[in-house]
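Presented below is the structure to which this report refers.
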Amino acid sequence: MQANDLFCAKFTALKSILTEQQVALSIKRLAHQVLENHLNLENTVLIGMQPRGIYVSDRIIEELKKLCDPKKIAYGKLDITFYRDDVRREIKLANRTEIPFSIENKNVVIIDDVLWTGRTIRAALDALVDFGRPAKVELCVLIDRRFSRELPIHADYVGRTIDTFPSQKVLVRWKEIHGVEEVVLV
Amino acid sequence: MKLTTPHLLGIKDLTKEDIQLILSTAKQFKDVLQRPVKKVPSLRDVTIVNLFYENSTRTRMSFELAEKRLGADSLNFTTSASSVSKGETLLDTVNNILSMKVDMVVMRHSASGAPHFLSKHIPAAIINAGDGINEHPTQALLDAFSMLEKKDQLEGLKVAIIGDIMHSRVALSNIYLLTKMGAEVTVAGPPTLIPKYIAEAMGVRVEYNVTKALEWCDVANVLRIQLERQSQPLFSSLREYNLAYGIKRSMLEKLDKEIVIMHPGPINRGVELDSDVADGPFSVILNQVENGVAVRMAVLYLLSPQTP
């Protein structure tokens with residue numbers, strides 16, 4: 001990530017996609033939209049994608065705690081390293097998967113930061129069915145890079161939709177690691 | 001993230017970072033093994049042969065299960081039912097197997113250095129599942145993994161390796177691994193079963209009194225007496241060995257501390273370990289077997305051939 005930041009520093013004209021305030025508002029909206037479709041989260045579980053989707057899902061969970069009974073929220077984390085279709089092109093370090101509840105017949109909302117080719121989500125669907133058969137799976141992302149999908153996958157809740165070239169990079173930066181909270185296009 | 005070696009021939013060739021990478025990956029695989037579907041598709045396009053030129057229960061089944069849990073295709077080879085009895089050489093056998101598009105080789109052999117020889121002549125990744133009296137790297141890795149489940153870190157940990165050090169590949173791999181990770185190691189047993197100069201060569205302490213070794217250590221790894229490797233008797237009788245060097249429940253109860261008892265198996269009950277120790281509260285022997293699958297999954301995953 002540091003190399004990335006140095007690389008960014010060279011570009012004076014970073015295109016800002018979301019400012020700190022917009023990130024906060026988008027997350028708030030996403031939390032409301034999820035709740036609107038899944039009243040009281042009766043039969044719904046939320047699953048953040050390791051590693052970077054967790055920054056989004058943690059914040060959405062924080063919002064949801066203000067809006068409904070915190071005890072009702074079932075929140076898990078999913079790592080899909082072992083399920084990737086490019087798993088052996090480059091060995092990546094796996095993160096922890098924590099799903100301490102059954103997803104059998106539940107509505108599952110997968111949360112990630114950027115939806116791009118759709119390959120991560122394909123792997124996530126593969127991984128998810130190993131834990132049980134969900135009644136329904138929905139996808140919630142902060143950024144949707146549309147027109148660059150390589151698989152028939154779409155998001156149900158979107159923070160911001162953007163059009164990009166494949167050569168461009170979307171950087172999502174968080175307070176915990178980068179000191180600032182924003183989304184920029186390089 | 002990658003290992004620094006293309007094969008796993010011994011712990012000797014690994015760096016500290018390699019060992020940490022294998023152990024942390026194994027932790028994720030152990031989680032996978034607790035799920036309803038204990039399988040991931042990571043190696044679904046890989047074929048692995050298990051070449052066992054020497055008998056094995058745990059290691060062979062553990063590797064086979066690890067391969068299946070990773071989605072790999074595996075085939076098994078045992079010498080008794082093969083053309084080895086017709087005089088085919090090791091290299092010929094392996095080359096014939098590889099020509100059937102096999103990607104990785106897991107090998108156990110009674111000759112020390114057999115996998116090292118093979119690695120110089122074939123293109124596939126080789127994992128040593130025990131070679132003669134040299135090394136048994138996956139056993140040392142799963143031992144370390146099991147220690148870390150009971151203790152916070154390996155650095156500064158006091159580990160006693162008790163029994164037949166001379167003929168034990170488990171002992172050598174454990175010594176390499178533990179000293180690399182900063183643990184203190186004592187080898188204990190009868191003088192006839194401890195190699196001369198081991199203290200200087202390997203940086204370990206030597207103790208001939210098992211009770212003293214137990215008093216000193218946090219973890220005791222008790223090894224099997226390997227009668228099949230002794231060409232001449234090195235102690236008078238099994239009963240006498242048990243009386244002088246066997247681990248008994250009464251010895252552990254006197255210690256007044258939480259000791260961890262490990263054994264790579266198979267156990268000679270009533271020789272190096274009494275049954276009430278092997279099945280007792282300090283024993284993690286069956287945890288070691290469970291962890292073996294996760295550790296071997298990590299090794300296979302990290303050494304699997306990369307597709308361009």
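Residues in the structure tokens are named by chain (A, B, ... in the order shown) and by number from 1 within that chain; ligands are numbered from 1 in the order shown.
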(request) Compute the set of chain B residues within 12 Å of chain A, using only C-alpha atoms, and express it as a PyMOL selection string. (result) chain B and resi 1-3+20-46+69-71+297-308
Can I get the selected residues back with N, CA and C atoms, as a compact mmCIF listing (two decimals), in the first residue's frame?
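Final file, out.txt:
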# COMPACT_ATOMS: atom_id res chain seq x y z
N MET B 1 3.45 -13.83 -1.37
CA MET B 1 4.12 -14.59 -0.33
C MET B 1 4.51 -15.96 -0.85
N LYS B 2 5.77 -16.29 -0.70
CA LYS B 2 6.26 -17.58 -1.20
C LYS B 2 7.30 -18.13 -0.26
N LEU B 3 7.46 -19.45 -0.28
CA LEU B 3 8.55 -20.06 0.46
C LEU B 3 9.85 -19.83 -0.30
N GLN B 20 7.27 -19.49 9.76
CA GLN B 20 6.13 -18.69 10.22
C GLN B 20 5.02 -18.68 9.18
N LEU B 21 5.40 -18.61 7.90
CA LEU B 21 4.40 -18.59 6.83
C LEU B 21 3.62 -19.91 6.81
N ILE B 22 4.33 -21.02 6.95
CA ILE B 22 3.66 -22.33 6.94
C ILE B 22 2.71 -22.42 8.14
N LEU B 23 3.18 -22.00 9.31
CA LEU B 23 2.35 -22.14 10.51
C LEU B 23 1.12 -21.24 10.45
N SER B 24 1.29 -20.02 9.91
CA SER B 24 0.12 -19.12 9.88
C SER B 24 -0.87 -19.59 8.81
N THR B 25 -0.37 -20.14 7.71
CA THR B 25 -1.28 -20.68 6.69
C THR B 25 -2.02 -21.90 7.25
N ALA B 26 -1.29 -22.72 8.01
CA ALA B 26 -1.90 -23.92 8.59
C ALA B 26 -3.06 -23.55 9.51
N LYS B 27 -2.92 -22.40 10.18
CA LYS B 27 -3.99 -21.97 11.07
C LYS B 27 -5.28 -21.72 10.30
N GLN B 28 -5.17 -21.12 9.12
CA GLN B 28 -6.37 -20.89 8.30
C GLN B 28 -6.96 -22.21 7.85
N PHE B 29 -6.07 -23.17 7.51
CA PHE B 29 -6.58 -24.47 7.06
C PHE B 29 -7.22 -25.23 8.21
N LYS B 30 -6.72 -25.02 9.43
CA LYS B 30 -7.35 -25.70 10.55
C LYS B 30 -8.80 -25.20 10.71
N ASP B 31 -9.00 -23.90 10.46
CA ASP B 31 -10.37 -23.36 10.48
C ASP B 31 -11.24 -24.03 9.42
N VAL B 32 -10.65 -24.22 8.22
CA VAL B 32 -11.41 -24.86 7.14
C VAL B 32 -11.88 -26.25 7.58
N LEU B 33 -11.01 -26.95 8.33
CA LEU B 33 -11.32 -28.31 8.74
C LEU B 33 -12.43 -28.38 9.81
N GLN B 34 -12.80 -27.23 10.36
CA GLN B 34 -13.88 -27.23 11.36
C GLN B 34 -15.24 -26.94 10.71
N ARG B 35 -15.23 -26.64 9.40
CA ARG B 35 -16.49 -26.25 8.74
C ARG B 35 -17.31 -27.48 8.37
N PRO B 36 -18.58 -27.25 8.03
CA PRO B 36 -19.40 -28.38 7.57
C PRO B 36 -18.81 -29.02 6.30
N VAL B 37 -18.36 -28.20 5.36
CA VAL B 37 -17.66 -28.73 4.18
C VAL B 37 -16.17 -28.49 4.41
N LYS B 38 -15.44 -29.58 4.68
CA LYS B 38 -14.04 -29.43 5.10
C LYS B 38 -13.10 -29.39 3.92
N LYS B 39 -13.48 -28.67 2.88
CA LYS B 39 -12.76 -28.75 1.63
C LYS B 39 -12.67 -27.40 0.97
N VAL B 40 -11.54 -27.11 0.33
CA VAL B 40 -11.43 -25.92 -0.51
C VAL B 40 -10.92 -26.35 -1.89
N PRO B 41 -11.23 -25.57 -2.93
CA PRO B 41 -10.86 -26.03 -4.28
C PRO B 41 -9.49 -25.53 -4.75
N SER B 42 -8.61 -25.11 -3.84
CA SER B 42 -7.36 -24.44 -4.25
C SER B 42 -6.51 -25.26 -5.21
N LEU B 43 -6.38 -26.57 -4.98
CA LEU B 43 -5.47 -27.38 -5.81
C LEU B 43 -6.24 -28.32 -6.72
N ARG B 44 -7.40 -27.87 -7.22
CA ARG B 44 -8.24 -28.83 -7.94
C ARG B 44 -7.64 -29.25 -9.28
N ASP B 45 -6.62 -28.53 -9.78
CA ASP B 45 -6.00 -28.94 -11.03
C ASP B 45 -4.62 -29.57 -10.81
N VAL B 46 -4.35 -29.98 -9.58
CA VAL B 46 -3.03 -30.53 -9.25
C VAL B 46 -3.17 -32.02 -8.96
N ARG B 69 -8.63 -32.67 0.83
CA ARG B 69 -9.26 -31.46 1.37
C ARG B 69 -8.92 -30.22 0.55
N LEU B 70 -7.81 -30.28 -0.20
CA LEU B 70 -7.43 -29.16 -1.05
C LEU B 70 -7.99 -29.32 -2.46
N GLY B 71 -8.71 -30.41 -2.67
CA GLY B 71 -9.30 -30.63 -3.99
C GLY B 71 -8.35 -31.24 -5.00
N MET B 297 -1.68 -29.49 4.57
CA MET B 297 -2.42 -28.68 3.58
C MET B 297 -1.64 -27.40 3.29
N ALA B 298 -1.12 -26.78 4.34
CA ALA B 298 -0.38 -25.52 4.16
C ALA B 298 0.86 -25.75 3.32
N VAL B 299 1.59 -26.83 3.60
CA VAL B 299 2.82 -27.12 2.85
C VAL B 299 2.50 -27.39 1.38
N LEU B 300 1.48 -28.21 1.13
CA LEU B 300 1.11 -28.52 -0.26
C LEU B 300 0.65 -27.27 -0.99
N TYR B 301 -0.14 -26.46 -0.30
CA TYR B 301 -0.67 -25.23 -0.90
C TYR B 301 0.47 -24.28 -1.27
N LEU B 302 1.41 -24.10 -0.34
CA LEU B 302 2.48 -23.13 -0.56
C LEU B 302 3.50 -23.62 -1.60
N LEU B 303 3.61 -24.94 -1.78
CA LEU B 303 4.58 -25.46 -2.74
C LEU B 303 3.95 -25.85 -4.07
N SER B 304 2.65 -25.66 -4.21
CA SER B 304 1.98 -26.10 -5.44
C SER B 304 2.52 -25.32 -6.63
N PRO B 305 2.61 -25.98 -7.80
CA PRO B 305 3.18 -25.31 -8.97
C PRO B 305 2.32 -24.11 -9.36
N GLN B 306 2.98 -23.03 -9.76
CA GLN B 306 2.24 -21.82 -10.14
C GLN B 306 1.93 -21.87 -11.62
N THR B 307 0.70 -21.54 -11.94
CA THR B 307 0.32 -21.49 -13.35
C THR B 307 0.63 -20.09 -13.88
N PRO B 308 1.20 -19.97 -15.08
CA PRO B 308 1.58 -18.66 -15.59
C PRO B 308 0.36 -17.80 -15.92
(request) Using DSSP on the backbone coordinates, identify the residues of stretch 14-151 of chain A assigned to strand (DSSP E or B); present them as a PyMOL selection string. (result) chain A and resi 15-18+44-49+74-78+98+107-115+136-146
(message) So that I can check the surroundings of A:Gly76, please list as number ranges by chain every protein, DNA and RNA residue that reaches within 9 Å of it, counting only C-alpha atoms and ignoring chain neighbours fewer than 4 positions away.
(response) A: 45-49, 97-101
How would the residues just chosen look if you wrote them out with C-alpha atoms as a PDB file, in the first residue's frame?
ATOM      1  CA  VAL A  45     -26.829 -12.035   8.261  1.00  0.00           C
ATOM      2  CA  LEU A  46     -24.064  -9.690   7.102  1.00  0.00           C
ATOM      3  CA  ILE A  47     -20.726 -10.928   5.854  1.00  0.00           C
ATOM      4  CA  GLY A  48     -17.723  -8.694   5.204  1.00  0.00           C
ATOM      5  CA  MET A  49     -15.083  -9.710   2.684  1.00  0.00           C
ATOM      6  CA  THR A  97     -12.793 -16.513   8.194  1.00  0.00           C
ATOM      7  CA  GLU A  98     -15.203 -16.059  11.093  1.00  0.00           C
ATOM      8  CA  ILE A  99     -18.792 -17.057  10.547  1.00  0.00           C
ATOM      9  CA  PRO A 100     -19.948 -18.060  14.029  1.00  0.00           C
ATOM     10  CA  PHE A 101     -23.549 -18.768  12.978  1.00  0.00           C
TER      11      PHE A 101
END
Do a neighbour search on B:Asp274 at 8 Å with only C-alpha atoms, toss out local chain neighbours closer than 3 positions, and write the hits as a PDB file with N, CA and C atoms, in the first residue's frame.
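What follows is the written file result_32.pdb:
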ATOM      1  N   GLY B 246      11.347 -44.508  30.743  1.00  0.00           N
ATOM      2  CA  GLY B 246       9.940 -44.362  30.387  1.00  0.00           C
ATOM      3  C   GLY B 246       9.288 -43.241  31.190  1.00  0.00           C
ATOM      4  N   ILE B 247       8.238 -42.624  30.599  1.00  0.00           N
ATOM      5  CA  ILE B 247       7.533 -41.546  31.303  1.00  0.00           C
ATOM      6  C   ILE B 247       6.317 -42.148  32.002  1.00  0.00           C
ATOM      7  N   LYS B 248       6.264 -41.929  33.331  1.00  0.00           N
ATOM      8  CA  LYS B 248       5.162 -42.482  34.119  1.00  0.00           C
ATOM      9  C   LYS B 248       4.325 -41.353  34.697  1.00  0.00           C
ATOM     10  N   ARG B 249       3.072 -41.664  34.960  1.00  0.00           N
ATOM     11  CA  ARG B 249       2.140 -40.665  35.497  1.00  0.00           C
ATOM     12  C   ARG B 249       2.655 -40.055  36.797  1.00  0.00           C
ATOM     13  N   ARG B 269       3.309 -48.537  23.905  1.00  0.00           N
ATOM     14  CA  ARG B 269       2.743 -48.349  25.248  1.00  0.00           C
ATOM     15  C   ARG B 269       3.527 -49.176  26.257  1.00  0.00           C
ATOM     16  N   GLY B 270       3.843 -48.558  27.385  1.00  0.00           N
ATOM     17  CA  GLY B 270       4.588 -49.287  28.407  1.00  0.00           C
ATOM     18  C   GLY B 270       6.078 -49.345  28.145  1.00  0.00           C
ATOM     19  N   VAL B 271       6.549 -48.721  27.060  1.00  0.00           N
ATOM     20  CA  VAL B 271       8.004 -48.620  26.857  1.00  0.00           C
ATOM     21  C   VAL B 271       8.410 -47.165  27.092  1.00  0.00           C
ATOM     22  N   VAL B 277      -0.139 -41.970  30.809  1.00  0.00           N
ATOM     23  CA  VAL B 277       0.424 -40.691  30.366  1.00  0.00           C
ATOM     24  C   VAL B 277      -0.081 -40.380  28.954  1.00  0.00           C
ATOM     25  N   ALA B 278      -0.009 -41.391  28.097  1.00  0.00           N
ATOM     26  CA  ALA B 278      -0.425 -41.205  26.699  1.00  0.00           C
ATOM     27  C   ALA B 278      -1.883 -40.772  26.603  1.00  0.00           C
TER      28      ALA B 278
END
(message) Env of A:Leu142: 6 Å cut, atoms = only C-alpha atoms, seq-sep filter 6 positions within chain, self excluded. Answer as a ChimeraX atom specification.
(response) /A:113,158-159
Serialized selection, N, CA and C atoms, as a CSV table (one decimal), in the first residue's frame:
chain,number,residue,atom,x,y,z
A,113,ASP,N,-15.5,-3.6,-0.6
A,113,ASP,CA,-15.3,-2.2,-0.9
A,113,ASP,C,-15.5,-1.8,-2.4
A,158,VAL,N,-25.3,0.1,-3.7
A,158,VAL,CA,-24.1,0.7,-4.2
A,158,VAL,C,-23.9,2.0,-3.6
A,159,GLY,N,-22.7,2.3,-3.1
A,159,GLY,CA,-22.4,3.6,-2.6
A,159,GLY,C,-22.3,4.6,-3.7
(request) Work out how far apart atom CA of B:Leu118 and atom CA of B:Leu9 are and give it in Å to one decimal. (result) 10.1 Å
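Atom CA of A:Val141 is found 9.5 Å from atom CA of A:Ile27.
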(message) Can you tell me which residues surround B:Lys150 at a distance of at most 12 Å, considering only C-alpha atoms, apart from same-chain residues fewer than 6 positions away, and format the answer as a ChimeraX atom specification?
(response) /B:143-144,157,218-219,258-262,282-284,287-288
Save out the residues we just selected, N, CA and C atoms, as a PDB file, in the first residue's frame.
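Wrote it out as selection_32.pdb, contents follow:
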ATOM      1  N   ASP B 143       4.372 -30.477  15.088  1.00  0.00           N
ATOM      2  CA  ASP B 143       4.721 -30.416  16.510  1.00  0.00           C
ATOM      3  C   ASP B 143       4.761 -28.956  16.975  1.00  0.00           C
ATOM      4  N   ALA B 144       5.397 -28.105  16.152  1.00  0.00           N
ATOM      5  CA  ALA B 144       5.486 -26.683  16.512  1.00  0.00           C
ATOM      6  C   ALA B 144       4.093 -26.063  16.557  1.00  0.00           C
ATOM      7  N   LEU B 157      10.842 -21.005  24.635  1.00  0.00           N
ATOM      8  CA  LEU B 157      10.168 -22.204  25.129  1.00  0.00           C
ATOM      9  C   LEU B 157      11.200 -23.301  25.404  1.00  0.00           C
ATOM     10  N   ASP B 218       9.116 -27.177  29.435  1.00  0.00           N
ATOM     11  CA  ASP B 218       7.690 -26.820  29.327  1.00  0.00           C
ATOM     12  C   ASP B 218       6.953 -27.865  28.496  1.00  0.00           C
ATOM     13  N   VAL B 219       7.651 -28.404  27.511  1.00  0.00           N
ATOM     14  CA  VAL B 219       7.064 -29.377  26.592  1.00  0.00           C
ATOM     15  C   VAL B 219       8.007 -30.566  26.494  1.00  0.00           C
ATOM     16  N   GLU B 258       2.088 -27.349  34.511  1.00  0.00           N
ATOM     17  CA  GLU B 258       1.350 -27.744  33.315  1.00  0.00           C
ATOM     18  C   GLU B 258       2.337 -28.137  32.224  1.00  0.00           C
ATOM     19  N   ILE B 259       2.690 -29.408  32.197  1.00  0.00           N
ATOM     20  CA  ILE B 259       3.617 -29.847  31.163  1.00  0.00           C
ATOM     21  C   ILE B 259       2.801 -30.324  29.959  1.00  0.00           C
ATOM     22  N   VAL B 260       3.393 -30.257  28.765  1.00  0.00           N
ATOM     23  CA  VAL B 260       2.720 -30.762  27.564  1.00  0.00           C
ATOM     24  C   VAL B 260       3.486 -31.995  27.097  1.00  0.00           C
ATOM     25  N   ILE B 261       2.770 -33.110  26.948  1.00  0.00           N
ATOM     26  CA  ILE B 261       3.413 -34.347  26.502  1.00  0.00           C
ATOM     27  C   ILE B 261       3.030 -34.615  25.045  1.00  0.00           C
ATOM     28  N   MET B 262       4.056 -34.754  24.201  1.00  0.00           N
ATOM     29  CA  MET B 262       3.805 -35.026  22.794  1.00  0.00           C
ATOM     30  C   MET B 262       4.488 -36.342  22.403  1.00  0.00           C
ATOM     31  N   PHE B 282      -2.216 -34.435  30.266  1.00  0.00           N
ATOM     32  CA  PHE B 282      -1.128 -33.605  29.729  1.00  0.00           C
ATOM     33  C   PHE B 282      -0.859 -33.903  28.252  1.00  0.00           C
ATOM     34  N   SER B 283      -1.410 -35.011  27.783  1.00  0.00           N
ATOM     35  CA  SER B 283      -1.083 -35.464  26.435  1.00  0.00           C
ATOM     36  C   SER B 283      -1.830 -34.678  25.361  1.00  0.00           C
ATOM     37  N   VAL B 284      -1.116 -34.287  24.297  1.00  0.00           N
ATOM     38  CA  VAL B 284      -1.765 -33.632  23.148  1.00  0.00           C
ATOM     39  C   VAL B 284      -1.570 -34.485  21.894  1.00  0.00           C
ATOM     40  N   ASN B 287      -4.249 -34.336  19.305  1.00  0.00           N
ATOM     41  CA  ASN B 287      -4.279 -32.994  18.693  1.00  0.00           C
ATOM     42  C   ASN B 287      -3.203 -32.888  17.625  1.00  0.00           C
ATOM     43  N   GLN B 288      -2.037 -33.499  17.921  1.00  0.00           N
ATOM     44  CA  GLN B 288      -0.954 -33.475  16.936  1.00  0.00           C
ATOM     45  C   GLN B 288      -1.416 -34.107  15.630  1.00  0.00           C
TER      46      GLN B 288
END
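For stretch 44-128 of chain A, the set of residues given alpha helix (DSSP H) by DSSP on the backbone reads A:Gly53, A:Ile54, A:Tyr55, A:Val56, A:Ser57, A:Asp58, A:Arg59, A:Ile60, A:Ile61, A:Glu62, A:Glu63, A:Leu64, A:Lys65, A:Lys66, A:Leu67, A:Arg119, A:Thr120, A:Ile121, A:Arg122, A:Ala123, A:Ala124, A:Leu125, A:Asp126, A:Ala127, A:Leu128.
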Export of prior selection with N, CA and C atoms as a PDB file, in the first residue's frame:
ATOM      1  N   GLY A  53     -12.805  -5.428   2.501  1.00  0.00           N
ATOM      2  CA  GLY A  53     -14.235  -5.185   2.661  1.00  0.00           C
ATOM      3  C   GLY A  53     -14.618  -4.976   4.118  1.00  0.00           C
ATOM      4  N   ILE A  54     -13.729  -5.446   5.014  1.00  0.00           N
ATOM      5  CA  ILE A  54     -14.018  -5.350   6.443  1.00  0.00           C
ATOM      6  C   ILE A  54     -14.129  -3.890   6.904  1.00  0.00           C
ATOM      7  N   TYR A  55     -13.332  -3.002   6.257  1.00  0.00           N
ATOM      8  CA  TYR A  55     -13.414  -1.584   6.645  1.00  0.00           C
ATOM      9  C   TYR A  55     -14.810  -1.032   6.370  1.00  0.00           C
ATOM     10  N   VAL A  56     -15.397  -1.482   5.266  1.00  0.00           N
ATOM     11  CA  VAL A  56     -16.757  -1.034   4.934  1.00  0.00           C
ATOM     12  C   VAL A  56     -17.768  -1.710   5.865  1.00  0.00           C
ATOM     13  N   SER A  57     -17.640  -3.033   6.006  1.00  0.00           N
ATOM     14  CA  SER A  57     -18.653  -3.761   6.779  1.00  0.00           C
ATOM     15  C   SER A  57     -18.636  -3.333   8.252  1.00  0.00           C
ATOM     16  N   ASP A  58     -17.439  -3.104   8.808  1.00  0.00           N
ATOM     17  CA  ASP A  58     -17.362  -2.637  10.202  1.00  0.00           C
ATOM     18  C   ASP A  58     -18.158  -1.345  10.384  1.00  0.00           C
ATOM     19  N   ARG A  59     -18.031  -0.442   9.404  1.00  0.00           N
ATOM     20  CA  ARG A  59     -18.721   0.852   9.520  1.00  0.00           C
ATOM     21  C   ARG A  59     -20.231   0.701   9.326  1.00  0.00           C
ATOM     22  N   ILE A  60     -20.623  -0.183   8.404  1.00  0.00           N
ATOM     23  CA  ILE A  60     -22.058  -0.402   8.201  1.00  0.00           C
ATOM     24  C   ILE A  60     -22.679  -1.010   9.465  1.00  0.00           C
ATOM     25  N   ILE A  61     -21.939  -1.939  10.084  1.00  0.00           N
ATOM     26  CA  ILE A  61     -22.437  -2.568  11.316  1.00  0.00           C
ATOM     27  C   ILE A  61     -22.600  -1.511  12.416  1.00  0.00           C
ATOM     28  N   GLU A  62     -21.624  -0.582  12.499  1.00  0.00           N
ATOM     29  CA  GLU A  62     -21.712   0.496  13.495  1.00  0.00           C
ATOM     30  C   GLU A  62     -23.004   1.297  13.302  1.00  0.00           C
ATOM     31  N   GLU A  63     -23.306   1.619  12.022  1.00  0.00           N
ATOM     32  CA  GLU A  63     -24.535   2.356  11.716  1.00  0.00           C
ATOM     33  C   GLU A  63     -25.769   1.546  12.096  1.00  0.00           C
ATOM     34  N   LEU A  64     -25.742   0.251  11.742  1.00  0.00           N
ATOM     35  CA  LEU A  64     -26.913  -0.595  11.996  1.00  0.00           C
ATOM     36  C   LEU A  64     -27.183  -0.714  13.494  1.00  0.00           C
ATOM     37  N   LYS A  65     -26.113  -0.702  14.285  1.00  0.00           N
ATOM     38  CA  LYS A  65     -26.283  -0.821  15.739  1.00  0.00           C
ATOM     39  C   LYS A  65     -27.095   0.347  16.289  1.00  0.00           C
ATOM     40  N   LYS A  66     -26.976   1.515  15.606  1.00  0.00           N
ATOM     41  CA  LYS A  66     -27.743   2.679  16.059  1.00  0.00           C
ATOM     42  C   LYS A  66     -29.201   2.561  15.639  1.00  0.00           C
ATOM     43  N   LEU A  67     -29.454   1.758  14.598  1.00  0.00           N
ATOM     44  CA  LEU A  67     -30.791   1.733  14.002  1.00  0.00           C
ATOM     45  C   LEU A  67     -31.662   0.573  14.473  1.00  0.00           C
ATOM     46  N   ARG A 119     -14.891 -11.269 -10.019  1.00  0.00           N
ATOM     47  CA  ARG A 119     -14.291 -12.573  -9.729  1.00  0.00           C
ATOM     48  C   ARG A 119     -14.203 -12.871  -8.227  1.00  0.00           C
ATOM     49  N   THR A 120     -13.971 -11.849  -7.434  1.00  0.00           N
ATOM     50  CA  THR A 120     -13.919 -12.059  -5.987  1.00  0.00           C
ATOM     51  C   THR A 120     -15.277 -12.528  -5.477  1.00  0.00           C
ATOM     52  N   ILE A 121     -16.328 -11.916  -6.014  1.00  0.00           N
ATOM     53  CA  ILE A 121     -17.669 -12.261  -5.559  1.00  0.00           C
ATOM     54  C   ILE A 121     -18.044 -13.674  -6.001  1.00  0.00           C
ATOM     55  N   ARG A 122     -17.579 -14.046  -7.211  1.00  0.00           N
ATOM     56  CA  ARG A 122     -17.816 -15.429  -7.653  1.00  0.00           C
ATOM     57  C   ARG A 122     -17.193 -16.401  -6.661  1.00  0.00           C
ATOM     58  N   ALA A 123     -15.931 -16.113  -6.251  1.00  0.00           N
ATOM     59  CA  ALA A 123     -15.246 -16.971  -5.284  1.00  0.00           C
ATOM     60  C   ALA A 123     -15.985 -16.960  -3.941  1.00  0.00           C
ATOM     61  N   ALA A 124     -16.521 -15.774  -3.595  1.00  0.00           N
ATOM     62  CA  ALA A 124     -17.238 -15.669  -2.322  1.00  0.00           C
ATOM     63  C   ALA A 124     -18.499 -16.533  -2.325  1.00  0.00           C
ATOM     64  N   LEU A 125     -19.186 -16.563  -3.481  1.00  0.00           N
ATOM     65  CA  LEU A 125     -20.396 -17.392  -3.572  1.00  0.00           C
ATOM     66  C   LEU A 125     -20.030 -18.863  -3.414  1.00  0.00           C
ATOM     67  N   ASP A 126     -18.897 -19.225  -4.019  1.00  0.00           N
ATOM     68  CA  ASP A 126     -18.393 -20.591  -3.895  1.00  0.00           C
ATOM     69  C   ASP A 126     -18.101 -20.925  -2.435  1.00  0.00           C
ATOM     70  N   ALA A 127     -17.419 -20.004  -1.773  1.00  0.00           N
ATOM     71  CA  ALA A 127     -17.046 -20.234  -0.379  1.00  0.00           C
ATOM     72  C   ALA A 127     -18.291 -20.291   0.504  1.00  0.00           C
ATOM     73  N   LEU A 128     -19.236 -19.425   0.192  1.00  0.00           N
ATOM     74  CA  LEU A 128     -20.426 -19.303   1.033  1.00  0.00           C
ATOM     75  C   LEU A 128     -21.249 -20.589   1.079  1.00  0.00           C
TER      76      LEU A 128
END
